[in-house]
Amino acid sequence: MNFYRSFTGRMIIAAVLMHALLVPFLVFGIQRILVNDLKDEFVDHARAQAQQFAVLANDKSAAAIPPLLEDWLVSGQVVFAEAVFEDGTAIRLEGFQGPKPLTFVEDFQFGEHGDEVYFITAPLKHQSLRGQLRLGFDEHPVNERIEMLYRRGLLLVGGYLAVAVLLAWGGGTLLGRSIRQLRDATRRFASGQIQRSLSIKTEITEISSLSNDLETMRRELLQRGEELRSLAYYDSLTGLPNRWLFNQRLTEALAEAQRRQRKLAVLYLDLDRFKRVNDTLGHSAGDELLRGVAERLQHCLRGSDLVTIANSMLPGDSVARLGGDEFTLLLSNIQHEDDVARVARRILEVLNEPLPVGGHGVYVTTSIGIALYPDDGVDPIELMKNADMAMYFAKEQGKNCFRYYTPSINQAAEERLDLENALHRAIAEDQLLLHYQPQIDMRSKKMIGAEALIRWQHPERGLIAPNIFIQIAEESGLIIPIGDWVIRTACAQLQRWRAQGLPPLCLSVNVSAKQFQHVGFVQNVKRMLEEFEVEPGTLGLEITETALMANEEDAIERLRALRALGVELYIDDFGTGYSSLSYLKRFPVQTLKIDQSFIHAVPDHAHSSAIIQAILALARSMNLNVIAEGIETQQQWEFLFEQGCQEMQGFLISKPLPADAFTQFVADHASDIEPGLRQA
């Protein structure tokens with residue numbers, strides 16, 4: 001008791017009481033700082049992620065945006081995704097489980113609207129569609145951390161008050177020293193100096209426990225900072241750097257290459273037919289495949305191939321995943337182009353080995369585009385764009401290969417983009433038209449039908465053949481409306497011919513795989529048949545073997561529904577795909593069309609002749625009709641006639657004709673048609 005009457009004792013008691021009053025304010029002040037830091041880090045991360053998503057969306061075509069938004073939503077990166085375009089259309093996906101649907105109101109700070117979702121917009125500057133990308137990020141995990149901080153703060157204050165009471169009665173030099181140590185630790189913590197440990201060595205258990213709580217909070221804050229950094233800079237699926245970090249390091253590598261007068265290379269990789277893995281084995285298998293590819297990409301590089309611009313870079317950081325099935329590699333200190341070629345060949349080799357995915361050995365290939373500094377660009381945007389164009393050129397060259405960027409690729413890409421934009425206008429401005437190529441019975445030499453072939457009457461380029469624009473339509477998604485237009489126009493033409501008194505003809509049209517597999521395709525055909533009162537057996541659909549085999553059971557169901565509508569069914573380009581009895585006996589088709597690549601080689605090419613003979617024998621055994629397309633010479637006619645082929649079409653009789661010219665052709669050859677007419 002004498003101690004407490006002394007000046008020192010009274011000072012200790014006064015200090016203890018003062019700290020007992022000040023510590024709650026200090027703790028709650030620290031909590032306020034931590035809470036604000038968590039909120040600010042969340043908002044910064046959301047904004048950076050939104051910008052990254054917008055850049056990724058801007059790199060894609062308009063048709064690729066919906067699956068891209070769905071991918072973000074399924075992966076849990078966002079809980080709300082909406083693309084609103086300037087033409088008033090919108091694509092909205094929502095994965096938030098709440099009492100009511102989300103209402104988009106752009107936030108300017110964390111927790112602004114009380115809906116636990118932080119909304120933010122980013123501009124869409126796509127070449128053909130512009131608008132806004134609206135994203136919603138879940139605030140709930142951050143709110144849980146804030147609640148945890150407040151709970152710990154209350155426990156900390158309560159514990160400290162208890163310690164204060166004990167210290168008021170404990171006194172002495174040890175107590176004063178321990179309090180000073182604790183005070184210094186809390187000050188460092190409050191000022192943000194969290195790299196240094198806050199543990200206090202003392203024999204007073206309560207103060208030691210309190211300092212341990214502060215140390216735990218410090219470590220958790222450091223850990224959460226690392227987690228936020230990982231989310232902002234690294235791909236959550238593969239652990240590779242993401243697009244933002246790759247661009248940052250590419251910028252640093254370019255600066256280093258410029259200082260040292262060195263070359264570097266950017267390799268842009270896109271997996272070939274990756275969608276088939278997702279569709280067949282599921283998205284979880286697709287994710288497993290992407291992780292396997294990422295691992296192989298890192299292991300296949302030599303140490304000298306890796307980026308070493310900064311000490312903080314890891315060897316694997318030269319490989320990045322941009323999103324989806326796209327990867328990039330950065331190779332520094334390149335002496336010769338052959339160095340890059342060796343790396344590209346090694347990548348192709350290691351990916352040609354099967355990857356274990358879900359109990360299956362999955363084969364995957366990749367197409368690689370290469371851009372070099374300084375030859376192909378001096379800034380990250382230009383190098384990435386040119387490597388991307390080279391990659392698409394590699395895909396056009398057959399996939400599973402690599403190509404260097406050249407200026408001609410850029411010119412071709414610009415022409416391709418111009419053609420795609422013009423194709424959008426062609427549909428709206430009625431620039432498409434059909435030509436009709438006669439089909440005749442080789443025995444009776446009478447016309448029995450025709451094939452409708454699409455053409456594009458471009459206002460500046462003139463008549464454009466389908467081999468130039470159909471692939472663009474396939475890749476851009478325009479093949480669906482174009483295919484519907486072809487069937488509608490063919491049905492309308494059948495109605496006009498019937499009104500003009502022409503004899504009944506079967507008019508066949510080509511159907512793409514995407515159109516055949518599109519939801520509502522059968523119903524669209526039925527609606528057009530009813531609208532134009534098309535007689536059964538006068539409309540035929542030509543479908544390739546590949547389109548039928550993509551989903552065999554679904555194809556059988558669709559074919560049966562079309563047959564019930566009176567539609568004739570053809571397998572187009574027969575002999576170039578599966579050509580298997582196992583599916584021919586299941587599909588309700590009536591006619592096989594021999595691919596013209598075989599026709600052009602007969603009768604001189606023994607293998608092509610043998611294939612045609614086998615197809616004709618197969619068709620006879622299964623009671624199927626056969627049409628030989630692309631007959632151009634009398635020798636081809638005579639060979640096919642001798643082999644028992646029933647029907648034909650080709651330039652030997654007539655090239656595809658406009659509707660009026662075809663009508664006149666039918667009228668001029670009502671009795672029979674002699675081969676060799678070659679209509680001009």
# chains A, B, ... in the order shown; residues from 1 in each chain; ligands from 1
call {"tool": "residues_around", "arguments": {"residues": "range 34-45 of chain A", "least_positions_apart": "5", "cutoff": "6 Å", "atoms": "only C-alpha atoms", "output": "list in words"}}
result
Phe110, Ile146 and Ala232 of chain A
call {"tool": "write_last_selection", "arguments": {"atoms": "C-alpha atoms", "output": "CSV table (one decimal), in the first residue's frame"}}
result
chain,number,residue,atom,x,y,z
A,110,PHE,CA,-18.4,0.9,-50.4
A,146,ILE,CA,-15.3,-5.7,-40.8
A,232,ALA,CA,-5.8,-8.1,-58.6
call {"tool": "select_by_dssp", "arguments": {"residues": "range 392-625 of chain A", "states": "strand (DSSP E)", "output": "PyMOL selection string"}}
result
chain A and resi 402-404+432-441+447-458+462-464+506-510+539-544+568-574+591-594+625
call {"tool": "residues_around", "arguments": {"residues": "range 557-567 of chain A", "least_positions_apart": "2", "cutoff": "7 Å", "atoms": "only C-alpha atoms", "output": "CSV table (one decimal) with all heavy atoms, in the first residue's frame"}}
result
chain,number,residue,atom,x,y,z
A,522,VAL,N,-36.0,-26.2,-86.1
A,522,VAL,CA,-37.1,-27.0,-86.7
A,522,VAL,C,-38.3,-26.1,-86.7
A,522,VAL,O,-39.1,-26.1,-87.7
A,522,VAL,CB,-37.3,-28.3,-85.9
A,522,VAL,CG1,-38.5,-29.0,-86.5
A,522,VAL,CG2,-36.0,-29.1,-86.0
A,526,LYS,N,-40.6,-25.1,-90.0
A,526,LYS,CA,-42.1,-25.3,-90.0
A,526,LYS,C,-42.8,-24.1,-90.3
A,526,LYS,O,-43.8,-24.1,-91.1
A,526,LYS,CB,-42.5,-26.0,-88.7
A,526,LYS,CG,-44.0,-26.3,-88.6
A,526,LYS,CD,-44.4,-26.9,-87.3
A,526,LYS,CE,-45.9,-27.2,-87.2
A,526,LYS,NZ,-46.2,-27.7,-85.9
A,536,PRO,N,-44.9,-30.8,-99.7
A,536,PRO,CA,-44.0,-31.8,-99.1
A,536,PRO,C,-43.1,-32.4,-100.3
A,536,PRO,O,-43.6,-32.6,-101.4
A,536,PRO,CB,-44.9,-32.9,-98.6
A,536,PRO,CG,-46.2,-32.2,-98.3
A,536,PRO,CD,-46.3,-31.2,-99.3
A,537,GLY,N,-41.8,-32.6,-100.0
A,537,GLY,CA,-40.9,-33.1,-100.9
A,537,GLY,C,-40.3,-32.1,-101.9
A,537,GLY,O,-39.5,-32.5,-102.7
A,539,LEU,N,-38.8,-29.1,-100.7
A,539,LEU,CA,-37.7,-28.4,-100.0
A,539,LEU,C,-36.8,-29.4,-99.4
A,539,LEU,O,-37.2,-30.3,-98.7
A,539,LEU,CB,-38.2,-27.5,-98.9
A,539,LEU,CG,-37.1,-26.7,-98.1
A,539,LEU,CD1,-36.4,-25.7,-99.0
A,539,LEU,CD2,-37.7,-26.1,-96.9
A,540,GLY,N,-35.5,-29.3,-99.8
A,540,GLY,CA,-34.5,-30.2,-99.2
A,540,GLY,C,-33.4,-29.4,-98.4
A,540,GLY,O,-33.2,-28.2,-98.7
A,553,GLU,N,-27.5,-37.9,-80.9
A,553,GLU,CA,-28.9,-38.1,-80.5
A,553,GLU,C,-29.8,-36.9,-80.8
A,553,GLU,O,-30.9,-37.1,-81.3
A,553,GLU,CB,-29.0,-38.4,-79.0
A,553,GLU,CG,-28.2,-39.7,-78.6
A,553,GLU,CD,-28.8,-40.9,-79.3
A,553,GLU,OE1,-30.0,-41.0,-79.5
A,553,GLU,OE2,-28.0,-41.8,-79.7
A,554,ASP,N,-29.3,-35.7,-80.6
A,554,ASP,CA,-30.0,-34.5,-80.9
A,554,ASP,C,-30.3,-34.4,-82.4
A,554,ASP,O,-31.4,-34.0,-82.8
A,554,ASP,CB,-29.3,-33.3,-80.3
A,554,ASP,CG,-30.1,-32.0,-80.6
A,554,ASP,OD1,-31.1,-31.8,-80.0
A,554,ASP,OD2,-29.6,-31.2,-81.5
A,555,ALA,N,-29.3,-34.8,-83.2
A,555,ALA,CA,-29.4,-34.7,-84.6
A,555,ALA,C,-30.5,-35.6,-85.1
A,555,ALA,O,-31.3,-35.3,-86.0
A,555,ALA,CB,-28.1,-35.0,-85.3
A,569,LEU,N,-33.9,-34.7,-97.0
A,569,LEU,CA,-32.7,-34.6,-96.2
A,569,LEU,C,-31.5,-35.1,-97.0
A,569,LEU,O,-31.6,-36.3,-97.5
A,569,LEU,CB,-32.8,-35.3,-94.8
A,569,LEU,CG,-33.9,-34.7,-93.9
A,569,LEU,CD1,-34.0,-35.6,-92.7
A,569,LEU,CD2,-33.7,-33.3,-93.6
A,588,PRO,N,-32.4,-40.5,-90.7
A,588,PRO,CA,-33.5,-40.7,-91.7
A,588,PRO,C,-33.2,-39.7,-92.9
A,588,PRO,O,-34.0,-38.8,-93.2
A,588,PRO,CB,-34.7,-40.2,-90.9
A,588,PRO,CG,-34.3,-39.2,-89.9
A,588,PRO,CD,-32.9,-39.7,-89.5
call {"tool": "closest_residue", "arguments": {"among": "A:Asn421, A:Thr328, A:Gln109, A:Thr538", "to": "Ala387 in chain A", "atoms": "only C-alpha atoms"}}
result
A:Thr328
call {"tool": "residues_around", "arguments": {"residues": "Tyr405 in chain A", "least_positions_apart": "6", "cutoff": "8 Å", "atoms": "only C-alpha atoms", "output": "VMD selection string"}}
result
chain A and resid 369 to 371 376 386 to 387 389 to 390
call {"tool": "write_last_selection", "arguments": {"atoms": "N, CA and C atoms", "output": "PDB file, in the first residue's frame"}}
result
ATOM      1  N   GLY A 369       0.672 -16.959 -82.263  1.00  0.00           N
ATOM      2  CA  GLY A 369       1.083 -15.788 -83.027  1.00  0.00           C
ATOM      3  C   GLY A 369       2.266 -15.119 -82.351  1.00  0.00           C
ATOM      4  N   ILE A 370       3.237 -14.662 -83.149  1.00  0.00           N
ATOM      5  CA  ILE A 370       4.482 -14.114 -82.604  1.00  0.00           C
ATOM      6  C   ILE A 370       4.680 -12.700 -83.129  1.00  0.00           C
ATOM      7  N   ALA A 371       4.968 -11.775 -82.221  1.00  0.00           N
ATOM      8  CA  ALA A 371       5.333 -10.405 -82.588  1.00  0.00           C
ATOM      9  C   ALA A 371       6.659 -10.071 -81.909  1.00  0.00           C
ATOM     10  N   ASP A 376       7.990  -5.383 -84.919  1.00  0.00           N
ATOM     11  CA  ASP A 376       6.533  -5.435 -85.062  1.00  0.00           C
ATOM     12  C   ASP A 376       5.805  -4.505 -84.105  1.00  0.00           C
ATOM     13  N   ASN A 386      -0.610  -7.151 -82.664  1.00  0.00           N
ATOM     14  CA  ASN A 386      -0.007  -7.831 -83.800  1.00  0.00           C
ATOM     15  C   ASN A 386       0.202  -9.320 -83.527  1.00  0.00           C
ATOM     16  N   ALA A 387       0.559  -9.671 -82.301  1.00  0.00           N
ATOM     17  CA  ALA A 387       0.682 -11.090 -81.957  1.00  0.00           C
ATOM     18  C   ALA A 387      -0.677 -11.773 -82.034  1.00  0.00           C
ATOM     19  N   MET A 389      -3.186 -10.917 -84.039  1.00  0.00           N
ATOM     20  CA  MET A 389      -3.516 -11.100 -85.456  1.00  0.00           C
ATOM     21  C   MET A 389      -2.728 -12.263 -86.058  1.00  0.00           C
ATOM     22  N   ALA A 390      -1.470 -12.396 -85.661  1.00  0.00           N
ATOM     23  CA  ALA A 390      -0.671 -13.521 -86.157  1.00  0.00           C
ATOM     24  C   ALA A 390      -1.239 -14.845 -85.676  1.00  0.00           C
TER      25      ALA A 390
END
call {"tool": "residues_around", "arguments": {"residues": "range 640-644 of chain A", "least_positions_apart": "2", "cutoff": "8 Å", "atoms": "only C-alpha atoms", "output": "ChimeraX atom specification"}}
result
/A:442-443,613,616,636-638,646
call {"tool": "write_last_selection", "arguments": {"atoms": "all heavy atoms", "output": "PDB file, in the first residue's frame"}}
result
ATOM      1  N   MET A 442     -29.651 -38.712-114.497  1.00  0.00           N
ATOM      2  CA  MET A 442     -28.690 -39.087-115.516  1.00  0.00           C
ATOM      3  C   MET A 442     -29.248 -40.105-116.500  1.00  0.00           C
ATOM      4  O   MET A 442     -28.716 -40.256-117.607  1.00  0.00           O
ATOM      5  CB  MET A 442     -27.405 -39.629-114.858  1.00  0.00           C
ATOM      6  CG  MET A 442     -26.687 -38.596-113.977  1.00  0.00           C
ATOM      7  SD  MET A 442     -25.116 -39.185-113.321  1.00  0.00           S
ATOM      8  CE  MET A 442     -24.102 -39.195-114.795  1.00  0.00           C
ATOM      9  N   ARG A 443     -30.329 -40.830-116.143  1.00  0.00           N
ATOM     10  CA  ARG A 443     -30.920 -41.812-117.050  1.00  0.00           C
ATOM     11  C   ARG A 443     -31.914 -41.153-117.992  1.00  0.00           C
ATOM     12  O   ARG A 443     -31.827 -41.289-119.210  1.00  0.00           O
ATOM     13  CB  ARG A 443     -31.607 -42.917-116.236  1.00  0.00           C
ATOM     14  CG  ARG A 443     -30.692 -43.639-115.258  1.00  0.00           C
ATOM     15  CD  ARG A 443     -29.592 -44.397-115.962  1.00  0.00           C
ATOM     16  NE  ARG A 443     -28.617 -44.931-115.005  1.00  0.00           N
ATOM     17  CZ  ARG A 443     -27.527 -45.603-115.353  1.00  0.00           C
ATOM     18  NH1 ARG A 443     -27.273 -45.806-116.632  1.00  0.00           N
ATOM     19  NH2 ARG A 443     -26.681 -46.040-114.443  1.00  0.00           N
ATOM     20  N   GLN A 613     -17.038 -45.603-106.278  1.00  0.00           N
ATOM     21  CA  GLN A 613     -17.682 -46.905-106.454  1.00  0.00           C
ATOM     22  C   GLN A 613     -18.182 -47.457-105.118  1.00  0.00           C
ATOM     23  O   GLN A 613     -19.281 -48.024-105.033  1.00  0.00           O
ATOM     24  CB  GLN A 613     -16.696 -47.883-107.101  1.00  0.00           C
ATOM     25  CG  GLN A 613     -16.372 -47.545-108.554  1.00  0.00           C
ATOM     26  CD  GLN A 613     -15.216 -48.381-109.089  1.00  0.00           C
ATOM     27  OE1 GLN A 613     -14.505 -49.050-108.329  1.00  0.00           O
ATOM     28  NE2 GLN A 613     -15.017 -48.339-110.413  1.00  0.00           N
ATOM     29  N   LEU A 616     -21.353 -45.502-104.041  1.00  0.00           N
ATOM     30  CA  LEU A 616     -22.523 -45.916-104.817  1.00  0.00           C
ATOM     31  C   LEU A 616     -23.015 -47.286-104.376  1.00  0.00           C
ATOM     32  O   LEU A 616     -24.232 -47.521-104.265  1.00  0.00           O
ATOM     33  CB  LEU A 616     -22.174 -45.924-106.307  1.00  0.00           C
ATOM     34  CG  LEU A 616     -21.935 -44.535-106.934  1.00  0.00           C
ATOM     35  CD1 LEU A 616     -21.378 -44.672-108.343  1.00  0.00           C
ATOM     36  CD2 LEU A 616     -23.219 -43.733-106.943  1.00  0.00           C
ATOM     37  N   GLN A 636     -16.137 -37.422-116.934  1.00  0.00           N
ATOM     38  CA  GLN A 636     -16.696 -37.606-115.589  1.00  0.00           C
ATOM     39  C   GLN A 636     -18.136 -38.095-115.669  1.00  0.00           C
ATOM     40  O   GLN A 636     -18.545 -38.985-114.925  1.00  0.00           O
ATOM     41  CB  GLN A 636     -16.616 -36.286-114.818  1.00  0.00           C
ATOM     42  CG  GLN A 636     -15.201 -35.830-114.509  1.00  0.00           C
ATOM     43  CD  GLN A 636     -15.139 -34.405-113.991  1.00  0.00           C
ATOM     44  OE1 GLN A 636     -16.150 -33.708-113.945  1.00  0.00           O
ATOM     45  NE2 GLN A 636     -13.931 -33.950-113.640  1.00  0.00           N
ATOM     46  N   TRP A 637     -18.919 -37.488-116.594  1.00  0.00           N
ATOM     47  CA  TRP A 637     -20.315 -37.923-116.784  1.00  0.00           C
ATOM     48  C   TRP A 637     -20.368 -39.412-117.131  1.00  0.00           C
ATOM     49  O   TRP A 637     -21.135 -40.182-116.539  1.00  0.00           O
ATOM     50  CB  TRP A 637     -20.951 -37.073-117.880  1.00  0.00           C
ATOM     51  CG  TRP A 637     -22.275 -37.601-118.388  1.00  0.00           C
ATOM     52  CD1 TRP A 637     -22.483 -38.683-119.201  1.00  0.00           C
ATOM     53  CD2 TRP A 637     -23.571 -37.092-118.098  1.00  0.00           C
ATOM     54  NE1 TRP A 637     -23.807 -38.869-119.444  1.00  0.00           N
ATOM     55  CE2 TRP A 637     -24.511 -37.908-118.775  1.00  0.00           C
ATOM     56  CE3 TRP A 637     -24.019 -36.016-117.347  1.00  0.00           C
ATOM     57  CZ2 TRP A 637     -25.878 -37.668-118.718  1.00  0.00           C
ATOM     58  CZ3 TRP A 637     -25.383 -35.778-117.293  1.00  0.00           C
ATOM     59  CH2 TRP A 637     -26.305 -36.597-117.958  1.00  0.00           C
ATOM     60  N   GLU A 638     -19.577 -39.822-118.120  1.00  0.00           N
ATOM     61  CA  GLU A 638     -19.632 -41.200-118.597  1.00  0.00           C
ATOM     62  C   GLU A 638     -19.210 -42.175-117.509  1.00  0.00           C
ATOM     63  O   GLU A 638     -19.812 -43.254-117.354  1.00  0.00           O
ATOM     64  CB  GLU A 638     -18.732 -41.347-119.824  1.00  0.00           C
ATOM     65  CG  GLU A 638     -19.252 -40.583-121.039  1.00  0.00           C
ATOM     66  CD  GLU A 638     -18.264 -40.573-122.187  1.00  0.00           C
ATOM     67  OE1 GLU A 638     -17.130 -41.090-121.984  1.00  0.00           O
ATOM     68  OE2 GLU A 638     -18.599 -40.037-123.254  1.00  0.00           O
ATOM     69  N   GLN A 646     -27.303 -41.919-109.977  1.00  0.00           N
ATOM     70  CA  GLN A 646     -28.639 -41.530-110.432  1.00  0.00           C
ATOM     71  C   GLN A 646     -28.718 -40.075-110.885  1.00  0.00           C
ATOM     72  O   GLN A 646     -29.328 -39.772-111.916  1.00  0.00           O
ATOM     73  CB  GLN A 646     -29.673 -41.760-109.310  1.00  0.00           C
ATOM     74  CG  GLN A 646     -29.780 -43.199-108.857  1.00  0.00           C
ATOM     75  CD  GLN A 646     -29.042 -43.422-107.554  1.00  0.00           C
ATOM     76  OE1 GLN A 646     -27.982 -42.842-107.341  1.00  0.00           O
ATOM     77  NE2 GLN A 646     -29.598 -44.269-106.688  1.00  0.00           N
TER      78      GLN A 646
END
call {"tool": "closest_residue", "arguments": {"among": "A:Asp604, A:Asp573, A:Glu415, A:Glu475", "to": "Ala63 in chain A", "atoms": "only C-alpha atoms"}}
result
A:Glu475
call {"tool": "select_by_dssp", "arguments": {"residues": "range 352-416 of chain A", "states": "helix (DSSP H, G or I)", "output": "NGL selection string"}}
result
:A and (352 or 380-396 or 407-416)
call {"tool": "write_last_selection", "arguments": {"atoms": "N, CA, C and O atoms", "output": "mmCIF file, in the first residue's frame"}}
result
data_model
loop_
_atom_site.group_PDB
_atom_site.id
_atom_site.type_symbol
_atom_site.label_atom_id
_atom_site.label_comp_id
_atom_site.auth_asym_id
_atom_site.auth_seq_id
_atom_site.Cartn_x
_atom_site.Cartn_y
_atom_site.Cartn_z
ATOM 1 N N ASN A 352 1.065 -31.486 -77.570
ATOM 2 C CA ASN A 352 0.574 -32.597 -78.383
ATOM 3 C C ASN A 352 0.445 -33.880 -77.585
ATOM 4 O O ASN A 352 -0.207 -34.826 -78.023
ATOM 5 N N PRO A 380 3.370 -1.912 -75.705
ATOM 6 C CA PRO A 380 2.633 -3.143 -75.383
ATOM 7 C C PRO A 380 1.372 -3.335 -76.209
ATOM 8 O O PRO A 380 1.073 -4.457 -76.645
ATOM 9 N N ILE A 381 0.613 -2.271 -76.426
ATOM 10 C CA ILE A 381 -0.654 -2.407 -77.150
ATOM 11 C C ILE A 381 -0.404 -2.891 -78.571
ATOM 12 O O ILE A 381 -1.079 -3.810 -79.069
ATOM 13 N N GLU A 382 0.569 -2.302 -79.238
ATOM 14 C CA GLU A 382 0.851 -2.669 -80.625
ATOM 15 C C GLU A 382 1.389 -4.088 -80.719
ATOM 16 O O GLU A 382 0.986 -4.870 -81.601
ATOM 17 N N LEU A 383 2.279 -4.474 -79.823
ATOM 18 C CA LEU A 383 2.827 -5.832 -79.853
ATOM 19 C C LEU A 383 1.750 -6.883 -79.592
ATOM 20 O O LEU A 383 1.689 -7.914 -80.274
ATOM 21 N N MET A 384 0.893 -6.634 -78.595
ATOM 22 C CA MET A 384 -0.170 -7.579 -78.289
ATOM 23 C C MET A 384 -1.154 -7.692 -79.452
ATOM 24 O O MET A 384 -1.606 -8.788 -79.805
ATOM 25 N N LYS A 385 -1.500 -6.564 -80.058
ATOM 26 C CA LYS A 385 -2.448 -6.590 -81.178
ATOM 27 C C LYS A 385 -1.874 -7.374 -82.347
ATOM 28 O O LYS A 385 -2.565 -8.204 -82.955
ATOM 29 N N ASN A 386 -0.610 -7.151 -82.664
ATOM 30 C CA ASN A 386 -0.007 -7.831 -83.800
ATOM 31 C C ASN A 386 0.202 -9.320 -83.527
ATOM 32 O O ASN A 386 0.031 -10.145 -84.428
ATOM 33 N N ALA A 387 0.559 -9.671 -82.301
ATOM 34 C CA ALA A 387 0.682 -11.090 -81.957
ATOM 35 C C ALA A 387 -0.677 -11.773 -82.034
ATOM 36 O O ALA A 387 -0.784 -12.930 -82.475
ATOM 37 N N ASP A 388 -1.724 -11.066 -81.619
ATOM 38 C CA ASP A 388 -3.085 -11.611 -81.697
ATOM 39 C C ASP A 388 -3.483 -11.864 -83.154
ATOM 40 O O ASP A 388 -4.056 -12.911 -83.496
ATOM 41 N N MET A 389 -3.186 -10.917 -84.039
ATOM 42 C CA MET A 389 -3.516 -11.100 -85.456
ATOM 43 C C MET A 389 -2.728 -12.263 -86.058
ATOM 44 O O MET A 389 -3.263 -13.044 -86.861
ATOM 45 N N ALA A 390 -1.470 -12.396 -85.661
ATOM 46 C CA ALA A 390 -0.671 -13.521 -86.157
ATOM 47 C C ALA A 390 -1.239 -14.845 -85.676
ATOM 48 O O ALA A 390 -1.208 -15.855 -86.403
ATOM 49 N N MET A 391 -1.774 -14.861 -84.450
ATOM 50 C CA MET A 391 -2.387 -16.081 -83.931
ATOM 51 C C MET A 391 -3.610 -16.472 -84.769
ATOM 52 O O MET A 391 -3.809 -17.647 -85.110
ATOM 53 N N TYR A 392 -4.463 -15.508 -85.092
ATOM 54 C CA TYR A 392 -5.641 -15.816 -85.912
ATOM 55 C C TYR A 392 -5.219 -16.279 -87.309
ATOM 56 O O TYR A 392 -5.883 -17.136 -87.914
ATOM 57 N N PHE A 393 -4.138 -15.731 -87.821
ATOM 58 C CA PHE A 393 -3.629 -16.198 -89.107
ATOM 59 C C PHE A 393 -3.171 -17.647 -89.010
ATOM 60 O O PHE A 393 -3.387 -18.442 -89.935
ATOM 61 N N ALA A 394 -2.552 -18.021 -87.878
ATOM 62 C CA ALA A 394 -2.146 -19.410 -87.664
ATOM 63 C C ALA A 394 -3.365 -20.332 -87.645
ATOM 64 O O ALA A 394 -3.320 -21.455 -88.174
ATOM 65 N N LYS A 395 -4.458 -19.884 -87.050
ATOM 66 C CA LYS A 395 -5.680 -20.692 -87.055
ATOM 67 C C LYS A 395 -6.208 -20.865 -88.480
ATOM 68 O O LYS A 395 -6.674 -21.961 -88.858
ATOM 69 N N GLU A 396 -6.159 -19.798 -89.267
ATOM 70 C CA GLU A 396 -6.629 -19.898 -90.645
ATOM 71 C C GLU A 396 -5.740 -20.824 -91.471
ATOM 72 O O GLU A 396 -6.200 -21.411 -92.451
ATOM 73 N N PRO A 407 3.151 -7.345 -92.046
ATOM 74 C CA PRO A 407 2.196 -6.276 -92.386
ATOM 75 C C PRO A 407 1.026 -6.763 -93.221
ATOM 76 O O PRO A 407 -0.079 -6.227 -93.134
ATOM 77 N N SER A 408 1.252 -7.800 -94.042
ATOM 78 C CA SER A 408 0.151 -8.308 -94.865
ATOM 79 C C SER A 408 -0.954 -8.906 -94.005
ATOM 80 O O SER A 408 -2.131 -8.868 -94.379
ATOM 81 N N ILE A 409 -0.599 -9.460 -92.848
ATOM 82 C CA ILE A 409 -1.611 -9.988 -91.946
ATOM 83 C C ILE A 409 -2.499 -8.863 -91.441
ATOM 84 O O ILE A 409 -3.730 -9.000 -91.359
ATOM 85 N N ASN A 410 -1.885 -7.740 -91.108
ATOM 86 C CA ASN A 410 -2.659 -6.588 -90.637
ATOM 87 C C ASN A 410 -3.616 -6.106 -91.718
ATOM 88 O O ASN A 410 -4.777 -5.798 -91.449
ATOM 89 N N GLN A 411 -3.125 -6.049 -92.951
ATOM 90 C CA GLN A 411 -3.982 -5.610 -94.050
ATOM 91 C C GLN A 411 -5.127 -6.582 -94.250
ATOM 92 O O GLN A 411 -6.279 -6.178 -94.449
ATOM 93 N N ALA A 412 -4.822 -7.883 -94.170
ATOM 94 C CA ALA A 412 -5.880 -8.879 -94.337
ATOM 95 C C ALA A 412 -6.902 -8.793 -93.212
ATOM 96 O O ALA A 412 -8.109 -8.953 -93.434
ATOM 97 N N ALA A 413 -6.426 -8.519 -91.980
ATOM 98 C CA ALA A 413 -7.345 -8.404 -90.849
ATOM 99 C C ALA A 413 -8.262 -7.196 -91.013
ATOM 100 O O ALA A 413 -9.461 -7.262 -90.705
ATOM 101 N N GLU A 414 -7.691 -6.086 -91.501
ATOM 102 C CA GLU A 414 -8.520 -4.906 -91.715
ATOM 103 C C GLU A 414 -9.557 -5.154 -92.808
ATOM 104 O O GLU A 414 -10.726 -4.750 -92.684
ATOM 105 N N GLU A 415 -9.139 -5.831 -93.876
ATOM 106 C CA GLU A 415 -10.089 -6.151 -94.943
ATOM 107 C C GLU A 415 -11.173 -7.092 -94.439
ATOM 108 O O GLU A 415 -12.346 -6.968 -94.802
ATOM 109 N N ARG A 416 -10.762 -8.030 -93.597
ATOM 110 C CA ARG A 416 -11.730 -8.973 -93.038
ATOM 111 C C ARG A 416 -12.743 -8.249 -92.156
ATOM 112 O O ARG A 416 -13.947 -8.532 -92.199
#
call {"tool": "residues_around", "arguments": {"residues": "Glu451 in chain A", "least_positions_apart": "4", "cutoff": "8 Å", "atoms": "only C-alpha atoms", "output": "PyMOL selection string"}}
result
chain A and resi 436-439+507-509
call {"tool": "closest_residue", "arguments": {"among": "A:Leu529, A:Leu154, A:Ala46, A:Ala473", "to": "Leu26 in chain A", "atoms": "only C-alpha atoms"}}
result
A:Leu154
call {"tool": "residues_around", "arguments": {"residues": "Gly324 in chain A", "least_positions_apart": "5", "cutoff": "12 Å", "atoms": "only C-alpha atoms", "output": "NGL selection string"}}
result
:A and (53 or 56-57 or 60 or 64-65 or 67-72 or 75 or 235 or 237-238 or 242-243 or 269-272 or 274-275 or 278 or 283 or 286-287 or 289-291)
